[in-house]
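One structure below.
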Amino acid sequence: MVDPHHVADVAVHSSQLLRWIPFIPLLGAAVNFLLGTRIQSRAGRGGVAAVAIGSSLASFVLVVISFFSLLAFDEHSRLVIDTVAPWVHIGSLNVDIGFQFDPLSAVMTLVITGIGSLIHIYSYGYMDEEPAAWRFFALLNLFMFAMLTLVLGDSLLLMFVGWEGVGLCSWALIGFWHQDHVNTTAGNKAFIVNRIGDFGFLLGVFLLFWSLDSAGQASMVFRELPALVGGLDGMALWGVPVVTLITLFLFVGATGKSAQIPLFVWLPDAMAGPTPVSALIHAATMVTAGVYMIGRLSFLFAMAPATLEVVAIIAAATAFFAATIGIAQNDIKKVLAYSTVSQLGYMFIAMGVGAWAAGIFHLVTHAFFKACLFLGAGSVIHAMHHEQDMRKMGGLRHYMPRTFWTFLIAAVAIAGVPGTAGFFSKDEILWNAYLHSPALWVMGFLSAGITAFYMFRLVFMTFYGECRADEHIREHLHESSGWMTWPLIILAVGSLFAGFLGVPAALGGSNAFAHFLEPVVGHMEHSGHHSLALEYGLMAASVGIAGLGILLAWLIYVKKVFSAESLARIGGGWPHRVFLNKYYVDELYGATVLRGTMGLSTLFAWFDRTVVDGVVNGSASVTRIGATLSGAFDFRVVDGLVNFTADAIHAFGGVVRRVQTGSLNTYLYVIVVVVAAVLFAGTWN
Amino acid sequence: MPEALGLHHFLLVGAALFCMGLYCVLTRRNAIGILMGVELVLNAANVNYIAFSRYGVGGVDGQVFSIFVIMLAAAEAAIGLAIVLGIYRRSGSIDVSQMTSLRG
Amino acid sequence: MDHILTYMTFIPLAGMAFILCMPGGATKAIRLTALGFTIPPLLMALWLFANFDRSTEAMQFMERAQWIPSFNIQYIMGVDGLSVTMILLTALLCPICILASWNIEKGVKGYFALFLLLDAGMTGVFCALDFFLFYIFWEVMLLPMYFLIGIWGGARREYAAIKFFLYTLAGSVLMMIAMLALYFYNEPHTFDMLVLMDNAGTYSRTFQTWTWLALFIGFAIKIPAFPFHTWLPDAHVEAPTAISVILAGVLLKMGTYGILRFCYPMLPLATQDMAFWALAALGTWNIVYGALCAMAQTDMKKLVAYSSISHMGYVMLGMATMTVQGINGAVLQMFNHGTITAMLFLLVGVIYDRAHHRRIDGFGGLASVMPVYTGIMVIAFFAAMGLPGLSAFISEVLVLLGAWQYSPGLAIVAASAVVLTAGYMLWMLQRVWLGPVNEEYASMPDVNAREILMLAPLAVIVIVLGVYPHAILDLINTSLTAINNTVLSAVPPVASLPLDVLP
Amino acid sequence: MNLNNIQSLPFSLPEGLLAVGVVGLFLLELVVKRKALLGELALVITAAVTCLVAMQSGGQEGLLFGGMVALDGFSIFFKLLLGLAGFGAVWMSLGSDEMRDEHPGEYYALLLSVTLGMFYMASATNMLMAYLALEFVSQVSYVLTGFIRGSRRGAEAALKYLVYGGVASGAMLYGMSLIYGLTGSLDYAVISQVMAGLGSGGVDGAVVAGAQPVIYLALVLVLAGVGYKIAMVPFHMWSPDVYEGAPLPVTALLSVGSKAAGFAMMIRFFYPAVSAYDGDGNWLAAAGVDWQSLLVVASMVTMTLGNVAALRQDNLKRLLAYSSIAHAGYMLMGFVVMADDGLRAMMFYMVVYYIMNLGAFTVLLMVLNQSGREDIEAFKGLAWRGGALPAAAMLIFMLSLAGLPPFAGFIGKFYLFAAVIRQEMWVLAVVGGVNSVVSLYYYARIVRSMYLDQPAEDAPQFVADRHNGLLVGVLAVATLVFGVWWRPVVALADRSLSFFTG
């Protein structure tokens, strides 16, 4: 039952170490799920945290070891696989539980386990009053497992396991404080919207599988796909090239998981979860799964320029619109959430223009600074006794200096100030976007300015000026513990320096990062030659607009040169209202998709109970329909059909009884009439 | 016996009797009247048997049959009258259209 | 082990006789006896599972005896991969259901006696290879089911019981007509299902079509396929927990089992003709319709009942595709649905035992009150949603994969149910288990050892089959591939009627 | 073997014993003090008669009394069944409270007379004999129906029965006269020869052309006479009223005995007498008269009407009356296929029907004895107030009547359906099937009442009496056993399907 297909032309290394990268967190999760309550009651919160942090760190260590052993291989044979067990082998479908480690997985796993471990540590400080800490840590570990499966899985199907697994953990962690209805509703929304994406993803997988099947050989295993997809050329379904359809379906999945238009609505709501969760899942790792997936299948997407065009346009729109929404939010986590959506848009712009490595690069730098921002926000929220409204903050830099400085560094990074991580990765994307189409660059360029503005609006509203919190909270304001601040510091350092992994050639670097990924994702060649001067000019422009954004924020929120209120009144106030209400997308979905589904379900249930069964229950169903219309739909349509028949037979029974009058004359009449009729009929022929 | 009188005349008489009997049975509401109708039906058959026996190829079988029928008709009338008498004693009426306690 | 199938079928029957002889007051002894008589079949099923030859599609563990020679009725028992899977499911669920019935107080003796009779009937249905014998077992189940719902059920139990009874009988009458038609079509007349299958090539297309329809309606009522499904919500809501489990876990499977056992190999031409509308399209409709109806329910059991309708749609769709993936996925889904929906009903039963109602809006915050229970419940719910890593994912993906090759349009509609399913499951989960604690149930005890004993094995199976589906797939693949090939390769019989030959 | 009157006597021992019993019981009533003895004597006689019949089985076949009656497998089969029906009725009468104080000698003598009449109905091979036997049975039945002196319902039922029966048999008599005129004989053997000649056009062509409507008319009229005996629609209307009005044991006898005798007579008339056997298990309607499709319709209408009307009955006797109408419809399914397997299925079904219907009536009798009521309310919660065993037996009988496996009723229905489907009469099969489903509804109502309903607070504890309980038990076990292993019954029916026509 072992996979018979071997890829002959690539030297494959195998290592049984690989499986432990996801399995150790899984083990940690299992221990905490099954024994967590006992551990916590015996050893306190520290016990469960130790299990979780330990397994996460152990996984990180394994990743590092794997990473270095990968570096030791020749550039073109950097692929390690670990086939654990056969999984599904039915007909042409042959999938094993197997993991693969290549440069792309390496980058992802380093981010996941590295930043993940930091956030585990941070969580110990953050969840210091949580009675169900065991459940929290178990879920975090389970998330690590699922995410690692997503990026290490060697087939689309196994990737999908991780893909939905992270969704499950996301659901459970968003609704972690499940006594509050708002939290669980947000969790459900996240899961269901993600499922819409997963629906697309599945269809993409099916179409890919069967197209490959009719092209000769079907497979879902990543390392076999590049050699096979060539057969898809020229195939079409419903008049569309299959490659385009496949990639579009897959991209639907990506829009769900990575919160792109039109499925981004769940991410802001997901901020209902504990802040470390927002940092880990809804900023640094899970939401980037879509980007990873496109990177993983870049050879396929490269075959579908039409899809890439769609990706780029949607991504640019997402980046821009999410940024505009970010301007008007007052909830500190909501601002960061829209910022995440916007930054994910950047990553997809990169994917859409074929700059795969640039997208992944931004993914990495974003993981650092966005995790840092979220954790910093968490630190603030923790200090403010779970107050998230920025209008009630202010001046916090005096109370929590370490949080302030790390937050500031991360904000500088995301704004794209030269030298920081954000600068390198964002410029790489903007440059590639410009090469593809200047219009895309304009969108990204504008978004960069807005990003700088709302980030510094956040910084200034939170950390500058007078403290607007009430007395009680102000008295208790304090810097967070070392469990929380040290991860912040490490992340801040990363935000400053991670960019140097991929310094572009124009700035004298060698772009080591892109080079490292090249064996996996390759790169698309752009036609035409562009001068270095142009590249410098664009760089300067984006730095300039970021500076402009920061300056504007400073003028408004520190110097109060303009009031924020007057800004909100621009254009009759409606732009602000639109931003504040997130372009009314939630309302739109509520009125169409949600209302439509619920209406249909109510209608069907009514139909089921009234018509289908009613034809069996007949006369009674008429009254029941009346009852239904007045709101009680628990009675009868499909069922009605059945009951109608029964009633009809019953009524017929009544007729027969009435003929049996008891009078002899009737009886005799019946005989005579029937016999006469029979005779008449018989002799007629 | 005149030439004109043939089998079919007897059969017509029989059929007419049969119909009259049925008519009587259907329209009478008096129990005795109905019993008389039944007698007519039986006798219609008797006419047939005897006619067939005389004109047909059946030998004396038909005549024997009719004797048995007469006997049975008498028995039936006796039983019927006894029942009717019982009913009359109890309810003072022999109108069958009143006897509808068993119905439905 | 000679005659293992006979033993499996008749040991519960012996148990019934034994229990009938016990004094009615000895409730505890009766429960234990009932449990005791369901354990040997389980062990035998496991033995079958271990010793079943997975490499051949031929029937195994065959038994054959004359019964009524003058009508050529025989006693034939035998299993292939398809039936072994179903037997395993039955044998597994029966002891669990006995455990779930531990709280029955009224008429204990009658309850367990009838339950064992039901057990015997179910096992017999999956073992029988003589159509007549199959029919007897099929019908034998009706009676205990009627009483188990009618006597031990909820408020509208009488309506539900008679509805179930009438519906199923209507289906089986048609089945009997089809059975006799097959019998007389074959020369010499026979009920031997193996012969009926072997001769499939000689049945004319018209004959196949009508017979197929008659059989299909009988089976569709059991599945239950729209619009024959309305007995199901009523029966489920009124039935006691254990009976709901059996109903959803085993009885529904008999519909699809029957289609695969009879319609496919015996009437392949008709299957080719009818599969699209009667199985694929109807199955897809079932999936979406069931899911949407489930969403509107206010009673937990009813919701689960409609979810069964939806999930059984996958089975219909899968088998209709006639791809290796689809048909294997369909049967795997039968097993998985059997375990998952059993868990769901048991879980609803657990709180029903405590709260004596099942209104979705009547609870809230149970997760805080009953953490262990909630943990198991989450596994069951997410398994029902087809979460990867749990068993139903594999079967649903296989079905949908097969469906895509068959008809991408249907596959898209069917796959949309992944969203709907998540919708109604999570919504119910939120309303019942999450949110602020309902003070009325703030002190509800968590699951006890007995309840864990009945839920844990199922939870383990759900997880194991998600990781190692070949435990079942290996069992069924050979048999199903053979059945599938029969249908795919069927051609109309060579015309041999004089009318066709004469000029 | 064709024997004259004297030679026939040794072969008429069962009938002789019955006749002696009838006369003896009349006379003994005058002398015997302990009246119960008379009933027991009747019981012994019916048992002995049944045994005697059984001893004839497999022996010589032939025509007795100069061709009046046949002694063949067919008649022995039915005589066995009818003897058992008589036995059952006597047994039930012994256990019936309402019959306790009536004139037992007279009553049991009449029961034996009916049995005797039925014996001759089943074996008559001459229209005269058939008519005489039929009238004999009918007239004694009228008396039995109104036997309870004080019963107003009994008297009303008796009168209705009498008038209805008189008209129906009068019609039959008229029909027979036409056949006599056409064929010149009362003897079935001769009739069949002449009919066959008419069919093949052997006689004058003109006669044939004119004969067909007459034969049709005659057959329809004869059908009225036998149809009324078996309660076939539209000649069924007496039966609900009579079943309800008559004493319960008499009702039971009417439903299992005279129905079977009616069928036996009908088969003899419509098969050996007016149809031709092709030697290969199939029968051809004589003279091209299509009575088959007429009866197909009658069968469907009969079962449908019976079942549908039974749905809304509360009186159990009446419900069972409609149910027995429906069962006549089922049995007609076997009648109309014009083949041996159909007749065999009918005969098998009659055995099964005897068992389950008699059982149902006996349970009803037990309930009636206890509560004095015969409506469905009397069964309420029966299983929960001491009547577990009668309730279980009733359950078996009801489900068997509904045709559910593993009970004998299913096997019976199965054979009927098999016969119909072999002839590819799909519509009839489907109608029969639908009817089975409909019928379940009212049978299940009784089951529901016994099991699903709780007894009323003040309902008395049910005490089953041993006498009736024994009969119920035997019948219940038989229903179960024949549902699983019915080889002997079907073998008997197989063996008995031989008509001796000389």
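Residues are referred to by chain and number: the chain letter is A, B, ... according to the order shown in the structure tokens, the number counts from 1 in that chain, and ligands are numbered separately from 1 in the order shown.
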
Counting only C-alpha atoms, which residues of chain A fall within 8 Å of chain C, and what is the closest atom pair for each with its distance in Å at one decimal, ordered by chain and rising number, as a Markdown table?
| residue | atom | partner | partner_atom | distance |
| --- | --- | --- | --- | --- |
| A:Pro86 | CA | C:Tyr468 | CA | 7.8 |
| A:Trp87 | CA | C:Tyr468 | CA | 5.9 |
| A:Val88 | CA | C:Pro469 | CA | 6.8 |
| A:His89 | CA | C:His470 | CA | 7.9 |
| A:Ile90 | CA | C:Gln325 | CA | 6.0 |
| A:Gly91 | CA | C:Val324 | CA | 5.8 |
| A:Leu93 | CA | C:Gln325 | CA | 7.8 |
| A:Phe160 | CA | C:Pro388 | CA | 7.2 |
| A:Val161 | CA | C:Pro388 | CA | 4.7 |
| A:Gly162 | CA | C:Pro388 | CA | 7.9 |
| A:Glu164 | CA | C:Pro388 | CA | 6.5 |
| A:Gly165 | CA | C:Pro388 | CA | 7.0 |
| A:His178 | CA | C:Leu434 | CA | 5.4 |
| A:Gln179 | CA | C:Gly435 | CA | 3.9 |
| A:Asp180 | CA | C:Gly435 | CA | 5.2 |
| A:His181 | CA | C:Gly435 | CA | 4.9 |
| A:Thr184 | CA | C:Gln430 | CA | 6.6 |
| A:Thr185 | CA | C:Gln430 | CA | 7.7 |
| A:Asn188 | CA | C:Leu426 | CA | 6.3 |
| A:Phe191 | CA | C:Ala422 | CA | 7.7 |
| A:Ile192 | CA | C:Val419 | CA | 6.1 |
| A:Arg195 | CA | C:Val419 | CA | 5.4 |
| A:Ile196 | CA | C:Val419 | CA | 5.8 |
| A:Phe199 | CA | C:Ala415 | CA | 6.4 |
| A:Leu203 | CA | C:Ile412 | CA | 7.1 |
| A:Phe206 | CA | C:Leu401 | CA | 5.6 |
| A:Leu207 | CA | C:Trp404 | CA | 7.3 |
| A:Trp210 | CA | C:Gln405 | CA | 6.5 |
| A:Thr597 | CA | C:Leu292 | CA | 7.7 |
| A:Met598 | CA | C:Ala296 | CA | 7.4 |
| A:Leu600 | CA | C:Leu292 | CA | 7.0 |
| A:Ser601 | CA | C:Leu292 | CA | 4.3 |
| A:Thr602 | CA | C:Ala296 | CA | 5.4 |
| A:Phe604 | CA | C:Cys293 | CA | 5.7 |
| A:Ala605 | CA | C:Cys293 | CA | 4.6 |
| A:Asp608 | CA | C:Thr230 | CA | 7.4 |
| A:Arg609 | CA | C:Thr230 | CA | 7.8 |
| A:Val612 | CA | C:Pro227 | CA | 6.8 |
| A:Asp613 | CA | C:Thr230 | CA | 6.5 |
| A:Asp634 | CA | C:Gln297 | CA | 7.8 |
| A:Val638 | CA | C:Pro227 | CA | 6.6 |
| A:Asp639 | CA | C:Thr230 | CA | 5.2 |
| A:Val642 | CA | C:Thr230 | CA | 7.9 |

Can you list, as an MDAnalysis selection string, every protein, DNA or RNA residue that comes within 8 Å of B:Ile32 when you count only C-alpha atoms, leaving out same-chain residues fewer than 2 positions away?
chainID B and resid 30 34:36 81 84 94

Kindly determine which residues of chain D lie within 6 Å of chain C, considering only C-alpha atoms, and give the answer as an NGL selection string.
:D and (405 or 418 or 433 or 437 or 452)

When distances are computed from only C-alpha atoms, which of D:Leu319, D:Val427, D:Leu159, D:Leu71 shows the smallest separation from chain B?
D:Leu159

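Put simply, atom CA of A:Tyr536 is 11.3 Å away from atom CA of A:Pro504.
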
With a cut-off of 8 Å, could you pull out the residues of chain D touching chain B and give me the nearest pair of atoms for each, distance in Å to one decimal, using only C-alpha atoms, ordered by chain and ascending number, as JSON lines?
{"residue": "D:Leu128", "atom": "CA", "partner": "B:Phe65", "partner_atom": "CA", "distance": 6.2}
{"residue": "D:Leu132", "atom": "CA", "partner": "B:Phe68", "partner_atom": "CA", "distance": 7.9}
{"residue": "D:Glu135", "atom": "CA", "partner": "B:Leu72", "partner_atom": "CA", "distance": 7.5}
{"residue": "D:Gln139", "atom": "CA", "partner": "B:Glu76", "partner_atom": "CA", "distance": 6.6}
{"residue": "D:Tyr142", "atom": "CA", "partner": "B:Ile79", "partner_atom": "CA", "distance": 7.8}
{"residue": "D:Val143", "atom": "CA", "partner": "B:Ile79", "partner_atom": "CA", "distance": 7.2}
{"residue": "D:Gly146", "atom": "CA", "partner": "B:Ile83", "partner_atom": "CA", "distance": 7.7}
{"residue": "D:Arg152", "atom": "CA", "partner": "B:Ile87", "partner_atom": "CA", "distance": 7.5}
{"residue": "D:Arg153", "atom": "CA", "partner": "B:Leu102", "partner_atom": "CA", "distance": 7.0}
{"residue": "D:Ala155", "atom": "CA", "partner": "B:Ile87", "partner_atom": "CA", "distance": 6.4}
{"residue": "D:Glu156", "atom": "CA", "partner": "B:Met99", "partner_atom": "CA", "distance": 6.4}
{"residue": "D:Ala157", "atom": "CA", "partner": "B:Leu102", "partner_atom": "CA", "distance": 7.5}
{"residue": "D:Ala158", "atom": "CA", "partner": "B:Ile83", "partner_atom": "CA", "distance": 7.2}
{"residue": "D:Leu159", "atom": "CA", "partner": "B:Ile83", "partner_atom": "CA", "distance": 6.4}
{"residue": "D:Leu162", "atom": "CA", "partner": "B:Gly80", "partner_atom": "CA", "distance": 6.8}
{"residue": "D:Val163", "atom": "CA", "partner": "B:Leu35", "partner_atom": "CA", "distance": 6.7}
{"residue": "D:Gly166", "atom": "CA", "partner": "B:Val38", "partner_atom": "CA", "distance": 6.0}
{"residue": "D:Val167", "atom": "CA", "partner": "B:Val38", "partner_atom": "CA", "distance": 5.7}
{"residue": "D:Gly170", "atom": "CA", "partner": "B:Leu42", "partner_atom": "CA", "distance": 5.2}
{"residue": "D:Ala171", "atom": "CA", "partner": "B:Val41", "partner_atom": "CA", "distance": 7.2}
{"residue": "D:Leu173", "atom": "CA", "partner": "B:Ala45", "partner_atom": "CA", "distance": 6.1}
{"residue": "D:Tyr174", "atom": "CA", "partner": "B:Ala45", "partner_atom": "CA", "distance": 4.6}
{"residue": "D:Ser177", "atom": "CA", "partner": "B:Tyr49", "partner_atom": "CA", "distance": 5.6}
{"residue": "D:Leu178", "atom": "CA", "partner": "B:Asn48", "partner_atom": "CA", "distance": 7.5}
{"residue": "D:Tyr180", "atom": "CA", "partner": "B:Gly58", "partner_atom": "CA", "distance": 7.1}
{"residue": "D:Gly181", "atom": "CA", "partner": "B:Phe52", "partner_atom": "CA", "distance": 5.2}
{"residue": "D:Thr183", "atom": "CA", "partner": "B:Gly58", "partner_atom": "CA", "distance": 7.7}
{"residue": "D:Gly184", "atom": "CA", "partner": "B:Gly58", "partner_atom": "CA", "distance": 3.9}
{"residue": "D:Ser185", "atom": "CA", "partner": "B:Gly58", "partner_atom": "CA", "distance": 5.2}
{"residue": "D:Leu186", "atom": "CA", "partner": "B:Asp61", "partner_atom": "CA", "distance": 7.1}
{"residue": "D:Pro240", "atom": "CA", "partner": "B:Arg103", "partner_atom": "CA", "distance": 7.8}
{"residue": "D:Asp241", "atom": "CA", "partner": "B:Leu102", "partner_atom": "CA", "distance": 5.3}
{"residue": "D:Glu244", "atom": "CA", "partner": "B:Leu102", "partner_atom": "CA", "distance": 7.4}
{"residue": "D:Gly245", "atom": "CA", "partner": "B:Leu102", "partner_atom": "CA", "distance": 7.3}

With chain D as the partner and 12 Å as the cut-off, tabulate the residues of chain A that qualify, each row holding the nearest pair of atoms and their distance in Å to one decimal, using only C-alpha atoms, sorted by chain and rising number, as a Markdown table.
| residue | atom | partner | partner_atom | distance |
| --- | --- | --- | --- | --- |
| A:Thr645 | CA | D:Val438 | CA | 10.7 |
| A:Ala646 | CA | D:Val438 | CA | 8.8 |
| A:Asp647 | CA | D:Leu311 | CA | 11.0 |
| A:Ala648 | CA | D:Val308 | CA | 10.3 |
| A:Ile649 | CA | D:Val308 | CA | 6.7 |
| A:His650 | CA | D:Leu311 | CA | 6.7 |
| A:Ala651 | CA | D:Val308 | CA | 8.9 |
| A:Phe652 | CA | D:Val308 | CA | 6.8 |
| A:Gly653 | CA | D:Ala309 | CA | 4.5 |
| A:Gly654 | CA | D:Arg312 | CA | 7.0 |
| A:Val655 | CA | D:Ala309 | CA | 8.2 |
| A:Val656 | CA | D:Ala309 | CA | 5.7 |
| A:Arg657 | CA | D:Ala309 | CA | 6.0 |
| A:Arg658 | CA | D:Ala309 | CA | 9.6 |
| A:Val659 | CA | D:Met237 | CA | 9.3 |
| A:Gln660 | CA | D:Met237 | CA | 6.9 |
| A:Thr661 | CA | D:Met237 | CA | 9.6 |
| A:Gly662 | CA | D:Asp241 | CA | 7.3 |
| A:Ser663 | CA | D:Lys160 | CA | 8.6 |
| A:Leu664 | CA | D:Lys160 | CA | 6.3 |
| A:Asn665 | CA | D:Tyr164 | CA | 9.6 |
| A:Thr666 | CA | D:Met237 | CA | 9.2 |
| A:Tyr667 | CA | D:Met237 | CA | 5.9 |
| A:Leu668 | CA | D:Tyr164 | CA | 7.1 |
| A:Tyr669 | CA | D:Pro234 | CA | 10.2 |
| A:Val670 | CA | D:Pro234 | CA | 6.9 |
| A:Ile671 | CA | D:Pro234 | CA | 5.9 |
| A:Val672 | CA | D:Pro234 | CA | 9.3 |
| A:Val673 | CA | D:Pro234 | CA | 9.5 |
| A:Val674 | CA | D:Pro234 | CA | 6.9 |
| A:Val675 | CA | D:Val220 | CA | 7.4 |
| A:Ala676 | CA | D:Val220 | CA | 9.7 |
| A:Ala677 | CA | D:Val220 | CA | 11.0 |
| A:Val678 | CA | D:Val220 | CA | 8.1 |
| A:Leu679 | CA | D:Leu217 | CA | 6.6 |
| A:Phe680 | CA | D:Leu217 | CA | 9.8 |
| A:Ala681 | CA | D:Leu294 | CA | 10.0 |
| A:Gly682 | CA | D:Tyr216 | CA | 7.5 |
| A:Thr683 | CA | D:Pro213 | CA | 6.1 |
| A:Trp684 | CA | D:Pro213 | CA | 9.6 |
| A:Asn685 | CA | D:Pro213 | CA | 9.8 |

Among stretch 312-401 of chain D, which ones does DSSP assign to alpha helix (DSSP H) (computed from the backbone)? Answer as a ChimeraX atom specification.
/D:316-336,340-371,388-401

Quick one: residues within 10 Å of C:Ala65, only C-alpha atoms counted, chain neighbours fewer than 5 positions away excluded, as a ChimeraX atom specification?
/C:73-77

Spatial neighbours of D:Ala42, 10 Å, only C-alpha atoms, chain gap at least 3 places, as JSON, numbers by chain:
{"D": [18, 21, 22, 24, 25, 37, 38, 39, 45, 46, 47, 48, 86, 87, 90, 91, 94, 104, 105, 107, 108, 109, 111, 112]}

Write a file of the selected residues as a compact mmCIF listing (two decimals), in the first residue's frame, keeping N, CA, C and O atoms.
# COMPACT_ATOMS: atom_id res chain seq x y z
N LEU D 18 -71.95 -37.30 11.35
CA LEU D 18 -72.51 -35.97 11.61
C LEU D 18 -74.03 -36.04 11.66
O LEU D 18 -74.67 -35.47 12.56
N GLY D 21 -75.13 -37.60 14.71
CA GLY D 21 -74.93 -36.64 15.80
C GLY D 21 -76.04 -35.62 15.85
O GLY D 21 -76.55 -35.30 16.94
N VAL D 22 -76.45 -35.12 14.71
CA VAL D 22 -77.51 -34.11 14.68
C VAL D 22 -78.78 -34.68 15.31
O VAL D 22 -79.34 -34.10 16.26
N GLY D 24 -79.11 -37.35 17.13
CA GLY D 24 -78.86 -37.77 18.52
C GLY D 24 -78.93 -36.61 19.47
O GLY D 24 -79.55 -36.70 20.53
N LEU D 25 -78.33 -35.51 19.11
CA LEU D 25 -78.31 -34.36 20.02
C LEU D 25 -79.71 -33.82 20.25
O LEU D 25 -80.08 -33.48 21.37
N LEU D 37 -72.92 -31.67 28.87
CA LEU D 37 -72.53 -32.93 28.24
C LEU D 37 -72.80 -32.90 26.74
O LEU D 37 -72.03 -33.45 25.94
N LEU D 38 -73.88 -32.23 26.36
CA LEU D 38 -74.26 -32.21 24.95
C LEU D 38 -73.20 -31.52 24.12
O LEU D 38 -72.81 -31.99 23.04
N GLY D 39 -72.73 -30.40 24.63
CA GLY D 39 -71.68 -29.68 23.93
C GLY D 39 -70.43 -30.52 23.80
O GLY D 39 -69.80 -30.58 22.74
N ILE D 45 -67.82 -35.45 18.58
CA ILE D 45 -68.27 -35.84 17.23
C ILE D 45 -67.49 -35.10 16.17
O ILE D 45 -66.98 -35.69 15.21
N THR D 46 -67.36 -33.78 16.32
CA THR D 46 -66.62 -33.04 15.29
C THR D 46 -65.18 -33.53 15.22
O THR D 46 -64.62 -33.67 14.13
N ALA D 47 -64.60 -33.81 16.39
CA ALA D 47 -63.23 -34.31 16.37
C ALA D 47 -63.17 -35.64 15.64
O ALA D 47 -62.31 -35.88 14.79
N ALA D 48 -64.11 -36.51 15.97
CA ALA D 48 -64.12 -37.82 15.35
C ALA D 48 -64.31 -37.71 13.85
O ALA D 48 -63.65 -38.40 13.06
N GLY D 86 -65.92 -26.62 12.32
CA GLY D 86 -67.01 -27.04 13.20
C GLY D 86 -66.50 -27.28 14.60
O GLY D 86 -67.08 -26.82 15.59
N PHE D 87 -65.37 -27.96 14.66
CA PHE D 87 -64.76 -28.22 15.97
C PHE D 87 -64.48 -26.92 16.70
O PHE D 87 -64.81 -26.76 17.88
N VAL D 90 -67.66 -25.30 17.96
CA VAL D 90 -68.20 -25.98 19.14
C VAL D 90 -67.36 -25.64 20.36
O VAL D 90 -67.88 -25.35 21.44
N TRP D 91 -66.05 -25.68 20.16
CA TRP D 91 -65.16 -25.35 21.28
C TRP D 91 -65.44 -23.94 21.79
O TRP D 91 -65.56 -23.70 23.00
N LEU D 94 -68.63 -23.73 23.72
CA LEU D 94 -68.50 -24.26 25.08
C LEU D 94 -67.90 -23.22 26.00
O LEU D 94 -68.19 -23.19 27.20
N PRO D 104 -78.93 -26.14 24.51
CA PRO D 104 -77.66 -26.64 23.96
C PRO D 104 -77.86 -27.76 22.96
O PRO D 104 -77.18 -27.79 21.93
N GLY D 105 -78.79 -28.66 23.22
CA GLY D 105 -78.93 -29.77 22.30
C GLY D 105 -79.25 -29.28 20.90
O GLY D 105 -78.61 -29.62 19.91
N TYR D 107 -78.87 -26.29 19.72
CA TYR D 107 -77.81 -25.45 19.20
C TYR D 107 -76.69 -26.27 18.59
O TYR D 107 -76.27 -26.06 17.45
N TYR D 108 -76.21 -27.25 19.36
CA TYR D 108 -75.09 -28.03 18.86
C TYR D 108 -75.51 -28.89 17.68
O TYR D 108 -74.74 -29.11 16.76
N ALA D 109 -76.74 -29.34 17.73
CA ALA D 109 -77.24 -30.09 16.58
C ALA D 109 -77.21 -29.22 15.33
O ALA D 109 -76.80 -29.66 14.24
N LEU D 111 -75.24 -26.67 14.81
CA LEU D 111 -73.84 -26.48 14.42
C LEU D 111 -73.36 -27.67 13.59
O LEU D 111 -72.70 -27.52 12.56
N LEU D 112 -73.70 -28.87 14.07
CA LEU D 112 -73.29 -30.05 13.33
C LEU D 112 -73.97 -30.08 11.95
O LEU D 112 -73.35 -30.48 10.96
